[in-house]
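**Q** What follows is work_5.csv, made up of CSV, C-alpha atoms and all ligand atoms:
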chain,number,residue,atom,x,y,z
A,953,MET,CA,3.9,-17.2,11.9
A,954,ASN,CA,5.1,-20.7,11.1
A,955,ARG,CA,8.6,-20.2,9.9
A,956,ARG,CA,8.9,-23.8,8.8
A,957,ASN,CA,6.6,-23.2,5.9
A,958,PHE,CA,8.8,-20.5,4.5
A,959,ILE,CA,10.7,-21.4,1.3
A,960,LYS,CA,14.4,-20.8,0.9
A,961,THR,CA,15.5,-19.1,-2.2
A,962,GLY,CA,17.6,-20.5,-4.9
A,963,MET,CA,16.7,-23.9,-6.4
A,964,LEU,CA,14.2,-24.7,-3.6
A,965,GLY,CA,12.5,-21.4,-4.3
A,966,ALA,CA,12.3,-22.2,-8.0
A,967,LEU,CA,10.8,-25.6,-7.1
A,968,ALA,CA,8.3,-23.9,-4.9
A,969,ALA,CA,7.2,-21.5,-7.6
A,970,ALA,CA,6.3,-24.6,-9.7
A,971,SER,CA,4.5,-26.6,-7.0
A,972,PRO,CA,3.1,-25.9,-3.5
A,973,ILE,CA,5.7,-27.7,-1.3
A,974,SER,CA,6.5,-27.3,2.4
A,975,LEU,CA,10.1,-27.5,3.5
A,976,SER,CA,10.8,-29.0,6.9
A,977,ALA,CA,13.1,-26.4,8.5
A,978,PHE,CA,15.8,-23.8,8.0
A,979,ASP,CA,19.4,-24.9,8.2
A,980,SER,CA,21.1,-23.7,11.3
A,981,ALA,CA,22.8,-20.8,9.5
A,982,THR,CA,19.5,-19.0,9.2
A,983,ARG,CA,18.0,-19.6,12.6
A,984,PRO,CA,17.6,-16.5,14.7
A,985,GLY,CA,20.3,-16.1,17.3
A,986,THR,CA,23.0,-17.5,15.0
A,987,ARG,CA,25.6,-15.2,13.5
A,988,SER,CA,25.3,-15.8,9.7
A,989,GLY,CA,26.6,-12.4,8.5
A,990,ARG,CA,24.8,-13.0,5.2
A,991,LEU,CA,21.4,-11.9,4.0
A,992,ASN,CA,19.2,-15.0,3.8
A,993,LEU,CA,15.8,-14.6,2.0
A,994,SER,CA,12.9,-16.9,2.4
A,995,PHE,CA,9.2,-16.6,1.5
A,996,LYS,CA,5.8,-18.3,1.3
A,997,PRO,CA,2.5,-17.5,-0.4
A,998,TYR,CA,-0.2,-16.2,1.9
A,999,GLU,CA,-3.7,-15.5,0.6
A,1000,LEU,CA,-5.5,-12.5,2.2
A,1001,GLN,CA,-9.1,-13.0,3.0
A,1002,LEU,CA,-11.3,-9.9,2.6
A,1003,ARG,CA,-13.9,-9.2,5.2
A,1004,HIS,CA,-16.3,-7.9,2.5
A,1005,SER,CA,-16.1,-8.5,-1.3
A,1006,PHE,CA,-14.4,-5.5,-3.0
A,1007,ASN,CA,-16.5,-4.0,-5.7
A,1008,LEU,CA,-14.4,-1.7,-7.8
A,1009,ALA,CA,-15.1,0.1,-11.0
A,1010,ARG,CA,-13.5,-2.7,-13.0
A,1011,SER,CA,-13.5,-5.8,-10.8
A,1012,GLN,CA,-15.0,-7.7,-7.8
A,1013,ARG,CA,-13.1,-10.1,-5.5
A,1014,THR,CA,-13.0,-11.7,-2.0
A,1015,THR,CA,-9.3,-12.6,-1.7
A,1016,THR,CA,-6.0,-11.0,-2.6
A,1017,PRO,CA,-3.0,-13.1,-3.3
A,1018,GLY,CA,0.1,-12.3,-1.2
A,1019,VAL,CA,3.6,-13.5,-0.4
A,1020,GLN,CA,5.1,-13.2,3.1
A,1021,VAL,CA,8.9,-12.7,3.2
A,1022,GLN,CA,11.6,-13.0,5.8
A,1023,ILE,CA,15.2,-12.0,5.6
A,1024,GLU,CA,17.7,-13.2,8.2
A,1025,TYR,CA,20.9,-11.3,8.8
A,1026,ASP,CA,23.3,-11.8,11.7
A,1027,GLY,CA,20.6,-13.3,13.9
A,1028,VAL,CA,18.1,-10.5,13.1
A,1029,THR,CA,14.8,-11.3,11.3
A,1030,GLY,CA,13.2,-8.7,9.0
A,1031,TYR,CA,9.6,-9.1,7.8
A,1032,GLY,CA,8.3,-8.1,4.4
A,1033,GLU,CA,5.3,-8.7,2.3
A,1034,ALA,CA,4.1,-8.5,-1.3
A,1035,SER,CA,0.4,-8.0,-2.0
A,1036,MET,CA,-0.8,-8.5,-5.6
A,1037,PRO,CA,-4.3,-7.1,-6.4
A,1038,PRO,CA,-5.0,-8.5,-9.9
A,1039,TYR,CA,-5.0,-5.1,-11.7
A,1040,LEU,CA,-1.3,-4.6,-11.0
A,1041,GLY,CA,-0.3,-7.7,-13.0
A,1042,GLU,CA,1.8,-9.5,-10.4
A,1043,THR,CA,0.9,-13.0,-9.2
A,1044,VAL,CA,2.2,-15.5,-6.6
A,1045,ALA,CA,4.1,-17.2,-9.4
A,1046,SER,CA,5.7,-14.0,-10.7
A,1047,VAL,CA,6.7,-12.9,-7.2
A,1048,THR,CA,8.1,-16.2,-6.0
A,1049,GLY,CA,9.8,-16.6,-9.4
A,1050,PHE,CA,11.4,-13.2,-9.0
A,1051,LEU,CA,12.5,-13.8,-5.4
A,1052,SER,CA,13.9,-17.2,-6.4
A,1053,ARG,CA,16.3,-15.4,-8.8
A,1054,LEU,CA,17.7,-13.0,-6.2
A,1055,ASP,CA,21.1,-13.6,-4.7
A,1056,LEU,CA,21.2,-11.2,-1.8
A,1057,GLY,CA,24.2,-13.1,-0.3
A,1058,GLN,CA,26.5,-11.0,-2.5
A,1059,PHE,CA,25.8,-7.9,-0.4
A,1060,ALA,CA,27.9,-7.2,2.6
A,1061,ASP,CA,25.0,-6.0,4.8
A,1062,PRO,CA,21.3,-4.8,4.6
A,1063,PHE,CA,22.4,-1.1,4.7
A,1064,ARG,CA,23.5,-1.4,1.0
A,1065,ILE,CA,19.8,-0.6,0.2
A,1066,GLU,CA,20.7,1.6,-2.8
A,1067,ASP,CA,22.9,-1.1,-4.4
A,1068,ILE,CA,20.3,-3.8,-3.6
A,1069,HIS,CA,17.5,-1.8,-5.4
A,1070,GLU,CA,19.8,-1.2,-8.4
A,1071,TYR,CA,20.5,-4.9,-8.4
A,1072,MET,CA,16.8,-5.9,-8.2
A,1073,ASP,CA,16.0,-3.5,-11.1
A,1074,SER,CA,18.8,-5.2,-13.1
A,1075,VAL,CA,17.4,-8.6,-12.5
A,1076,ALA,CA,14.0,-7.7,-14.0
A,1077,PRO,CA,11.9,-4.6,-14.7
A,1078,GLY,CA,8.4,-4.4,-13.1
A,1079,ASN,CA,7.9,-6.9,-10.2
A,1080,ARG,CA,7.3,-3.9,-8.0
A,1081,ALA,CA,5.4,-5.8,-5.2
A,1082,ALA,CA,8.1,-8.5,-5.2
A,1083,LYS,CA,10.8,-5.8,-4.8
A,1084,ALA,CA,8.8,-4.0,-2.1
A,1085,SER,CA,8.7,-7.2,-0.1
A,1086,VAL,CA,12.5,-7.4,0.0
A,1087,ASP,CA,12.8,-3.6,0.6
A,1088,ILE,CA,10.4,-3.8,3.6
A,1089,ALA,CA,12.2,-6.7,5.2
A,1090,LEU,CA,15.6,-5.0,4.7
A,1091,HIS,CA,14.2,-1.8,6.4
A,1092,ASP,CA,12.9,-3.9,9.2
A,1093,ILE,CA,16.4,-5.4,9.7
A,1094,MET,CA,18.2,-2.0,9.4
A,1095,GLY,CA,15.8,-0.5,12.0
A,1096,LYS,CA,16.3,-3.4,14.4
A,1097,ILE,CA,20.1,-3.3,14.1
A,1098,THR,CA,20.1,0.5,14.9
A,1099,GLY,CA,17.3,0.0,17.5
A,1100,GLN,CA,15.0,2.7,16.0
A,1101,PRO,CA,11.7,2.8,14.1
A,1102,TRP,CA,11.9,4.3,10.6
A,1103,TYR,CA,9.9,7.4,11.4
A,1104,LYS,CA,12.7,8.3,13.8
A,1105,ILE,CA,15.5,7.5,11.4
A,1106,TRP,CA,13.8,9.8,8.9
A,1107,GLY,CA,13.4,12.5,11.5
A,1108,LEU,CA,9.6,12.5,11.4
A,1109,ASN,CA,7.3,13.6,14.2
A,1110,PRO,CA,4.9,10.7,15.0
A,1111,GLU,CA,2.3,13.3,16.3
A,1112,LYS,CA,2.0,14.6,12.7
A,1113,THR,CA,0.4,11.4,11.3
A,1114,PRO,CA,-2.9,12.1,9.6
A,1115,ASN,CA,-6.2,10.4,10.2
A,1116,THR,CA,-6.7,7.4,8.0
A,1117,SER,CA,-9.7,7.0,5.8
A,1118,PHE,CA,-11.7,3.8,5.9
A,1119,THR,CA,-13.0,2.5,2.5
A,1120,ILE,CA,-16.5,1.5,1.6
A,1121,SER,CA,-17.8,0.5,-1.8
A,1122,TYR,CA,-21.4,0.2,-3.1
A,1123,ASP,CA,-23.4,-2.9,-2.3
A,1124,ALA,CA,-26.8,-3.5,-3.9
A,1125,ASP,CA,-27.8,-5.5,-0.7
A,1126,LYS,CA,-29.3,-2.8,1.6
A,1127,ALA,CA,-28.5,-4.7,4.8
A,1128,GLU,CA,-24.9,-5.3,3.6
A,1129,MET,CA,-24.5,-1.6,2.7
A,1130,LYS,CA,-25.8,-0.6,6.2
A,1131,LYS,CA,-23.3,-2.9,7.8
A,1132,LYS,CA,-20.5,-1.4,5.8
A,1133,ILE,CA,-21.6,2.1,6.8
A,1134,GLU,CA,-21.8,1.2,10.5
A,1135,GLU,CA,-18.2,0.0,10.3
A,1136,THR,CA,-17.0,3.5,9.3
A,1137,ALA,CA,-18.1,4.9,12.7
A,1138,PRO,CA,-14.7,5.0,14.4
A,1139,PHE,CA,-13.1,6.8,11.4
A,1140,LYS,CA,-12.7,10.6,10.8
A,1141,ILE,CA,-12.6,10.2,7.0
A,1142,VAL,CA,-14.5,7.8,4.8
A,1143,LYS,CA,-13.2,6.8,1.4
A,1144,VAL,CA,-15.9,6.0,-1.1
A,1145,LYS,CA,-15.1,3.8,-4.1
A,1146,MET,CA,-16.9,5.2,-7.2
A,1147,GLY,CA,-17.1,4.6,-10.9
A,1148,VAL,CA,-19.4,1.5,-10.5
A,1149,GLY,CA,-22.7,3.2,-11.5
A,1150,HIS,CA,-24.1,4.0,-8.1
A,1151,ASP,CA,-21.9,6.9,-7.2
A,1152,LYS,CA,-24.4,9.2,-5.8
A,1153,GLU,CA,-26.4,6.5,-4.0
A,1154,THR,CA,-23.3,5.5,-2.0
A,1155,VAL,CA,-22.7,9.0,-0.7
A,1156,GLU,CA,-26.4,9.6,0.0
A,1157,ALA,CA,-26.7,6.3,1.9
A,1158,LEU,CA,-23.6,7.4,3.9
A,1159,ARG,CA,-24.9,10.9,4.6
A,1160,LYS,CA,-28.0,9.5,6.2
A,1161,HIS,CA,-25.8,8.2,9.0
A,1162,SER,CA,-22.7,10.3,9.1
A,1163,ASP,CA,-21.3,13.8,8.3
A,1164,VAL,CA,-17.6,12.9,8.4
A,1165,PRO,CA,-15.5,14.3,5.5
A,1166,ILE,CA,-15.3,11.9,2.6
A,1167,CYS,CA,-12.7,11.4,-0.1
A,1168,VAL,CA,-13.6,9.7,-3.4
A,1169,ASP,CA,-11.7,7.1,-5.5
A,1170,ALA,CA,-13.2,6.7,-8.9
A,1171,ASN,CA,-10.6,4.1,-9.9
A,1172,GLN,CA,-10.5,5.5,-13.5
A,1173,GLY,CA,-14.3,4.8,-13.7
A,1174,TRP,CA,-15.4,8.2,-15.0
A,1175,ASN,CA,-15.0,8.4,-18.8
A,1176,ASP,CA,-16.7,11.7,-19.6
A,1177,ARG,CA,-14.9,14.8,-18.5
A,1178,ASP,CA,-18.0,17.0,-18.3
A,1179,LYS,CA,-19.7,14.4,-16.1
A,1180,ALA,CA,-16.5,14.1,-14.0
A,1181,LEU,CA,-16.6,17.9,-13.4
A,1182,GLU,CA,-20.2,17.8,-12.5
A,1183,MET,CA,-19.5,15.0,-9.9
A,1184,CYS,CA,-16.6,17.1,-8.5
A,1185,HIS,CA,-19.0,20.0,-7.9
A,1186,TRP,CA,-21.7,17.7,-6.5
A,1187,LEU,CA,-19.1,16.1,-4.1
A,1188,ALA,CA,-17.6,19.4,-3.1
A,1189,GLU,CA,-21.1,20.4,-1.7
A,1190,ARG,CA,-21.2,17.2,0.3
A,1191,GLY,CA,-18.0,17.4,2.3
A,1192,CYS,CA,-15.6,15.7,0.0
A,1193,LEU,CA,-11.8,16.5,0.4
A,1194,PHE,CA,-10.4,15.3,-2.9
A,1195,VAL,CA,-11.0,12.9,-5.8
A,1196,GLU,CA,-8.5,10.1,-6.7
A,1197,GLN,CA,-7.9,8.9,-10.2
A,1198,PRO,CA,-11.2,10.2,-11.7
A,1199,MET,CA,-10.4,9.2,-15.3
A,1200,ASP,CA,-8.4,6.6,-17.2
A,1201,LYS,CA,-4.7,6.9,-16.5
A,1202,SER,CA,-4.0,7.5,-20.2
A,1203,ALA,CA,-6.6,10.4,-20.4
A,1204,ILE,CA,-4.0,13.0,-19.4
A,1205,ASP,CA,-5.4,15.9,-21.4
A,1206,ASP,CA,-8.9,15.3,-20.0
A,1207,THR,CA,-7.6,15.0,-16.5
A,1208,ALA,CA,-5.6,18.2,-16.9
A,1209,TRP,CA,-8.8,19.9,-18.2
A,1210,LEU,CA,-10.7,18.6,-15.1
A,1211,ARG,CA,-8.0,19.7,-12.7
A,1212,GLU,CA,-8.1,23.3,-14.1
A,1213,ARG,CA,-11.9,23.5,-13.3
A,1214,SER,CA,-12.4,21.1,-10.4
A,1215,PRO,CA,-13.2,22.7,-6.9
A,1216,LEU,CA,-11.5,19.5,-5.4
A,1217,PRO,CA,-7.9,18.5,-5.7
A,1218,ILE,CA,-7.3,15.6,-8.2
A,1219,ILE,CA,-4.9,12.9,-7.0
A,1220,ALA,CA,-3.1,10.4,-9.2
A,1221,ASP,CA,-3.1,6.7,-8.2
A,1222,GLU,CA,-3.1,4.3,-11.2
A,1223,PHE,CA,-1.4,7.0,-13.2
A,1224,LEU,CA,1.9,6.7,-11.3
A,1225,GLN,CA,4.1,4.0,-9.8
A,1226,ARG,CA,7.7,5.1,-9.1
A,1227,LEU,CA,9.9,8.1,-8.6
A,1228,PRO,CA,10.2,9.3,-12.3
A,1229,ASP,CA,6.4,9.4,-12.5
A,1230,VAL,CA,6.1,12.1,-9.9
A,1231,LYS,CA,7.2,14.9,-12.1
A,1232,ARG,CA,5.1,13.5,-15.0
A,1233,ALA,CA,2.0,13.6,-12.7
A,1234,MET,CA,2.4,17.4,-12.3
A,1235,GLN,CA,0.9,18.1,-15.7
A,1236,ALA,CA,-2.5,16.8,-14.8
A,1237,TYR,CA,-2.8,16.2,-11.0
A,1238,ASP,CA,-2.6,18.1,-7.8
A,1239,GLY,CA,-1.1,15.3,-5.8
A,1240,ILE,CA,0.0,11.6,-5.8
A,1241,ASN,CA,-1.0,8.5,-4.0
A,1242,ILE,CA,2.1,6.6,-2.9
A,1243,LYS,CA,1.8,2.9,-2.2
A,1244,LEU,CA,4.7,0.6,-1.3
A,1245,MET,CA,3.5,-2.1,-3.7
A,1246,LYS,CA,3.9,0.4,-6.6
A,1247,SER,CA,7.0,2.2,-5.4
A,1248,THR,CA,9.1,-0.9,-4.8
A,1249,GLY,CA,9.0,-0.3,-1.1
A,1250,MET,CA,10.0,2.3,1.5
A,1251,HIS,CA,13.3,3.5,0.0
A,1252,GLU,CA,11.7,5.0,-3.1
A,1253,ALA,CA,8.4,5.9,-1.4
A,1254,TYR,CA,10.3,8.2,0.9
A,1255,GLN,CA,12.0,9.8,-2.2
A,1256,MET,CA,8.6,10.2,-3.9
A,1257,ALA,CA,7.1,11.9,-0.9
A,1258,THR,CA,9.9,14.4,-0.4
A,1259,LEU,CA,10.0,15.1,-4.2
A,1260,ALA,CA,6.3,15.7,-4.4
A,1261,ARG,CA,6.4,18.0,-1.4
A,1262,ALA,CA,9.3,19.9,-2.9
A,1263,LEU,CA,7.2,20.3,-6.1
A,1264,GLY,CA,4.3,21.7,-4.1
A,1265,MET,CA,2.1,18.6,-4.7
A,1266,LYS,CA,-0.2,16.9,-2.2
A,1267,VAL,CA,1.0,13.6,-0.8
A,1268,MET,CA,-1.4,10.8,-0.1
A,1269,LEU,CA,-0.3,7.5,1.4
A,1270,GLY,CA,-2.2,4.4,0.3
A,1271,CYS,CA,-2.0,0.6,0.5
A,1272,MET,CA,-3.4,-2.5,-1.0
A,1273,THR,CA,-5.2,-5.1,1.1
A,1274,GLU,CA,-2.2,-6.1,3.2
A,1275,THR,CA,-1.4,-7.5,6.6
A,1276,SER,CA,-0.2,-5.1,9.3
A,1277,CYS,CA,3.4,-5.9,8.0
A,1278,ALA,CA,3.2,-3.8,4.9
A,1279,VAL,CA,0.7,-1.3,6.3
A,1280,SER,CA,3.0,-0.6,9.3
A,1281,ALA,CA,5.9,-0.1,6.9
A,1282,ALA,CA,3.9,2.5,5.0
A,1283,ALA,CA,2.8,4.1,8.2
A,1284,GLN,CA,6.4,5.1,9.0
A,1285,LEU,CA,6.0,7.7,6.2
A,1286,ALA,CA,2.6,8.9,7.4
A,1287,PRO,CA,3.9,12.2,9.0
A,1288,LEU,CA,4.9,13.2,5.5
A,1289,ALA,CA,1.4,12.7,4.1
A,1290,ASP,CA,-1.5,15.2,3.8
A,1291,TRP,CA,-3.9,12.2,3.7
A,1292,ALA,CA,-3.6,8.6,4.3
A,1293,ASP,CA,-5.6,5.5,3.3
A,1294,LEU,CA,-3.9,2.9,5.4
A,1295,ASP,CA,-6.8,0.6,6.2
A,1296,GLY,CA,-5.6,-2.5,4.2
A,1297,ASN,CA,-5.1,-4.6,7.4
A,1298,LEU,CA,-8.5,-3.7,8.7
A,1299,LEU,CA,-10.1,-5.0,5.5
A,1300,ILE,CA,-8.8,-8.6,5.9
A,1301,SER,CA,-9.8,-11.3,8.4
A,1302,ASN,CA,-6.5,-13.1,8.6
A,1303,ASP,CA,-3.9,-10.6,9.7
A,1304,ILE,CA,-0.7,-12.3,11.1
A,1305,PHE,CA,1.1,-9.2,12.5
A,1306,ASP,CA,0.6,-6.6,15.3
A,1307,GLY,CA,1.8,-3.2,14.3
A,1308,MET,CA,0.5,0.3,13.7
A,1309,LYS,CA,-2.9,1.1,15.2
A,1310,ILE,CA,-5.7,3.4,14.4
A,1311,VAL,CA,-6.6,5.3,17.6
A,1312,ASP,CA,-9.6,7.6,17.4
A,1313,GLY,CA,-9.2,7.5,13.6
A,1314,LYS,CA,-5.6,8.6,13.7
A,1315,ILE,CA,-2.5,6.6,12.6
A,1316,THR,CA,-0.6,5.6,15.7
A,1317,LEU,CA,3.0,4.4,15.3
A,1318,PRO,CA,4.3,1.7,17.6
A,1319,ASP,CA,7.5,2.6,19.5
A,1320,ARG,CA,9.3,-0.5,18.1
A,1321,PRO,CA,12.4,-0.7,15.9
A,1322,GLY,CA,12.3,-1.3,12.2
A,1323,ILE,CA,8.8,-1.3,10.7
A,1324,GLY,CA,7.3,-1.9,14.2
A,1325,VAL,CA,5.6,-5.2,13.8
A,1326,VAL,CA,5.6,-8.5,15.7
A,1327,PRO,CA,4.1,-11.7,14.4
A,1328,VAL,CA,0.9,-12.8,16.3
B,1401,MG,MG,-6.9,4.4,-5.7
Rewrite the structure of this file - the entire thing - as structure tokens.
**A**
Amino acid sequence: MNRRNFIKTGMLGALAAASPISLSAFDSATRPGTRSGRLNLSFKPYELQLRHSFNLARSQRTTTPGVQVQIEYDGVTGYGEASMPPYLGETVASVTGFLSRLDLGQFADPFRIEDIHEYMDSVAPGNRAAKASVDIALHDIMGKITGQPWYKIWGLNPEKTPNTSFTISYDADKAEMKKKIEETAPFKIVKVKMGVGHDKETVEALRKHSDVPICVDANQGWNDRDKALEMCHWLAERGCLFVEQPMDKSAIDDTAWLRERSPLPIIADEFLQRLPDVKRAMQAYDGINIKLMKSTGMHEAYQMATLARALGMKVMLGCMTETSCAVSAAAQLAPLADWADLDGNLLISNDIFDGMKIVDGKITLPDRPGIGVVPV
């Protein structure tokens, strides 16, 4: 990664938010190897190129806006990332604007993660992906200083990571659909995006080539609870493990009705964001989909996973389209998850990190400190 294109915070960051400028270099206090003793945050926009257009219930797109973040502390570099799919409401301007307002120099060291999150929440509500980018970079630094990956710091067994699902969505072009299905071959679970009007066709096309278990994400696309229940039964007969966000996030009563009758677990995604939402999800869902870009990063994601498990709920770990940076950060939590959908780095063509790997369909954590990534 070209560090020279990163943007320092403060006035320069604010300038950058207004116009795309490139700054010549870091000052010496922030170069790796120097002992600054301060947290120095820098960032740059980075647009993620999707390998296939994403056809969701409510949108279609070929790129995802993102922001890459670095934090330097005492000669150690931590990497972080914000990914902003449009439906979450954050943009490059909102993320760089938020990061420009942060003064991390007031904190003695990166281990003040609780204080730093409290501070970020006091600067502005929302901005969850922006907060996640800082949180991920801080976790990377803490891990590097202690010399351990986060799954070890959390006491998790890397053998207990689940298989990841690989996502496909419907394509009217038969050749394109066939190509998408062929790409699912190395994976042990396939996630099917539904709610776009060709729900059964997608599963039937897949079943001609593969009998791997599927999971379904309706992305709030089913608006009739009787039809949603019928789909749950239809899917249960076709090797489906669970259904994610079948109905609108505000349709709590209908979702609770569906959960009572569905043969498949119902998982909340768009319904929930952060820690206080976990208990709220219990009224209508069997489990939750945790994503770092919703939870403000690893700190709260870990709390959400442990709370959900304590409440007897299923835990799913998801991601946006992201580079291996944020995906590898999320993967540190994978041993706590019943299911994982960590394929965001595989769905883009311009990854800039090496990190977690999918080996024979299973999430495989690198034995590297922090979030386990190196720039490529
Ligand atoms: Mg989802």
**Q** Please find the residues contacting ligand MG 1401 (chain B) at a distance of at most 10 Å between atoms, with only C-alpha atoms and all ligand atoms counted, and report them as a ChimeraX atom specification.
**A** /A:1008,1143,1145,1168-1172,1195-1198,1219-1223,1240-1243,1270-1272,1293
**Q** With all atoms listed in the file as the basis for distance, which of A:Asn992, A:Gln1255, A:Phe1050, A:Leu1090 is at the shortest distance from Arg1064 in chain A?
**A** A:Leu1090
**Q** Point out the residue among A:Leu1040, A:Asp1178, A:Val1075, A:Val1230 with the least atom-to-atom distance to Asp1055 in chain A, counting all atoms listed in the file.
**A** A:Val1075
**Q** Which residue gives the smallest distance to Ser1202 in chain A among A:Ala1236, A:Leu1181, A:Leu1187, A:Pro1327, with only C-alpha atoms counted?
**A** A:Ala1236
**Q** Pick out the closest residue to Lys996 in chain A from this set: A:Ile1093, A:Val1019, A:Leu1210, A:Ala1281. Count all atoms listed in the file.
**A**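 Closest residue, counting all atoms listed in the file: A:Val1019.
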**Q** Select from range 1071-1121 of chain A every residue with an atom at most 6 Å from any atom of range 1283-1286 of chain A, then for each give the shortest pair of atoms and their distance in Å to one decimal, using only C-alpha atoms, rows by chain and rising number, as a Markdown table.
**A**
| residue | atom | partner | partner_atom | distance |
| --- | --- | --- | --- | --- |
| A:Trp1102 | CA | A:Gln1284 | CA | 5.8 |
| A:Tyr1103 | CA | A:Gln1284 | CA | 4.8 |
| A:Thr1113 | CA | A:Ala1286 | CA | 5.1 |
**Q** If I take CA of Glu1274 in chain A and CA of Lys1132 in chain A, how far is one from the other in Å, to one decimal?
**A**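 For CA of Glu1274 in chain A relative to CA of Lys1132 in chain A, the distance reads 19.1 Å.
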**Q** Here is a test: counting only C-alpha atoms, which residue of A:Ala1045, A:Ala1208, A:Ile1323, A:Met1146 is nearest to Ser1280 in chain A?
**A**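 Ranking A:Ala1045, A:Ala1208, A:Ile1323, A:Met1146 by distance to Ser1280 in chain A, first place goes to A:Ile1323.
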**Q** Residues within 7 Å of Thr1116 in chain A, please, as a list in words. Count only C-alpha atoms; anything in the same chain fewer than 2 positions from it doesn't count.
**A**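 Surrounding residues, per the criterion: Pro1114, Phe1118, Ile1141, Ala1292, Asp1293, Leu1294, Gly1313, Lys1314 and Ile1315 of chain A.
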**Q** List every protein, DNA or RNA residue that has an atom no more than 12 Å from (-23.3, 4.8, -15.8) in the file's coordinate frame, counting only C-alpha atoms, and report them as a list in words.
**A**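 Those residues, ordered by chain and then number, are Ala1009, Met1146, Gly1147, Val1148, Gly1149, His1150, Asp1151, Lys1152, Gly1173, Trp1174, Asn1175, Asp1176, Lys1179 and Ala1180 of chain A.
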**Q** What lies within 10 Å of range 1000-1007 of chain A using only C-alpha atoms, ignoring chain neighbours under 2 positions off, as a JSON list (two decimals) with C-alpha atoms, keeping the file's coordinate frame?
**A**
[["chain", "number", "residue", "atom", "x", "y", "z"],
["A", 997, "PRO", "CA", 2.50, -17.50, -0.40],
["A", 998, "TYR", "CA", -0.20, -16.20, 1.90],
["A", 1009, "ALA", "CA", -15.10, 0.10, -11.00],
["A", 1010, "ARG", "CA", -13.50, -2.70, -13.00],
["A", 1011, "SER", "CA", -13.50, -5.80, -10.80],
["A", 1012, "GLN", "CA", -15.00, -7.70, -7.80],
["A", 1013, "ARG", "CA", -13.10, -10.10, -5.50],
["A", 1014, "THR", "CA", -13.00, -11.70, -2.00],
["A", 1015, "THR", "CA", -9.30, -12.60, -1.70],
["A", 1016, "THR", "CA", -6.00, -11.00, -2.60],
["A", 1017, "PRO", "CA", -3.00, -13.10, -3.30],
["A", 1018, "GLY", "CA", 0.10, -12.30, -1.20],
["A", 1019, "VAL", "CA", 3.60, -13.50, -0.40],
["A", 1035, "SER", "CA", 0.40, -8.00, -2.00],
["A", 1036, "MET", "CA", -0.80, -8.50, -5.60],
["A", 1119, "THR", "CA", -13.00, 2.50, 2.50],
["A", 1120, "ILE", "CA", -16.50, 1.50, 1.60],
["A", 1121, "SER", "CA", -17.80, 0.50, -1.80],
["A", 1122, "TYR", "CA", -21.40, 0.20, -3.10],
["A", 1123, "ASP", "CA", -23.40, -2.90, -2.30],
["A", 1128, "GLU", "CA", -24.90, -5.30, 3.60],
["A", 1132, "LYS", "CA", -20.50, -1.40, 5.80],
["A", 1145, "LYS", "CA", -15.10, 3.80, -4.10],
["A", 1146, "MET", "CA", -16.90, 5.20, -7.20],
["A", 1148, "VAL", "CA", -19.40, 1.50, -10.50],
["A", 1273, "THR", "CA", -5.20, -5.10, 1.10],
["A", 1274, "GLU", "CA", -2.20, -6.10, 3.20],
["A", 1275, "THR", "CA", -1.40, -7.50, 6.60],
["A", 1296, "GLY", "CA", -5.60, -2.50, 4.20],
["A", 1297, "ASN", "CA", -5.10, -4.60, 7.40],
["A", 1298, "LEU", "CA", -8.50, -3.70, 8.70],
["A", 1299, "LEU", "CA", -10.10, -5.00, 5.50],
["A", 1300, "ILE", "CA", -8.80, -8.60, 5.90],
["A", 1301, "SER", "CA", -9.80, -11.30, 8.40],
["A", 1302, "ASN", "CA", -6.50, -13.10, 8.60],
["A", 1303, "ASP", "CA", -3.90, -10.60, 9.70]]
**Q** Give me, please, the distance in Å between CA of Pro1037 in chain A and CA of Pro1321 in chain A, quoted to one decimal.
**A**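 Between CA of Pro1037 in chain A and CA of Pro1321 in chain A the gap works out to 28.6 Å.
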**Q** Save range 1019-1042 of chain A to a file: C-alpha atoms, as an mmCIF file, in the first residue's frame.
**A**
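Now in decode-v2.cif:
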data_model
loop_
_atom_site.group_PDB
_atom_site.id
_atom_site.type_symbol
_atom_site.label_atom_id
_atom_site.label_comp_id
_atom_site.auth_asym_id
_atom_site.auth_seq_id
_atom_site.Cartn_x
_atom_site.Cartn_y
_atom_site.Cartn_z
ATOM 1 C CA VAL A 1019 -11.683 4.129 3.377
ATOM 2 C CA GLN A 1020 -8.342 2.602 4.396
ATOM 3 C CA VAL A 1021 -6.951 3.659 7.777
ATOM 4 C CA GLN A 1022 -3.542 3.479 9.428
ATOM 5 C CA ILE A 1023 -2.715 4.289 13.038
ATOM 6 C CA GLU A 1024 0.923 4.646 14.055
ATOM 7 C CA TYR A 1025 1.968 4.236 17.665
ATOM 8 C CA ASP A 1026 5.496 3.940 18.981
ATOM 9 C CA GLY A 1027 6.814 2.652 15.668
ATOM 10 C CA VAL A 1028 3.998 0.123 15.212
ATOM 11 C CA THR A 1029 1.489 0.410 12.341
ATOM 12 C CA GLY A 1030 -2.088 -0.781 12.753
ATOM 13 C CA TYR A 1031 -4.335 -1.274 9.723
ATOM 14 C CA GLY A 1032 -8.051 -0.599 9.656
ATOM 15 C CA GLU A 1033 -10.803 -0.182 7.119
ATOM 16 C CA ALA A 1034 -14.285 1.253 6.662
ATOM 17 C CA SER A 1035 -16.569 -0.221 4.000
ATOM 18 C CA MET A 1036 -19.739 1.679 3.180
ATOM 19 C CA PRO A 1037 -22.412 -0.188 1.212
ATOM 20 C CA PRO A 1038 -24.989 2.504 0.373
ATOM 21 C CA TYR A 1039 -27.876 1.054 2.425
ATOM 22 C CA LEU A 1040 -25.990 1.770 5.673
ATOM 23 C CA GLY A 1041 -25.942 5.502 4.983
ATOM 24 C CA GLU A 1042 -22.219 6.202 5.387
#
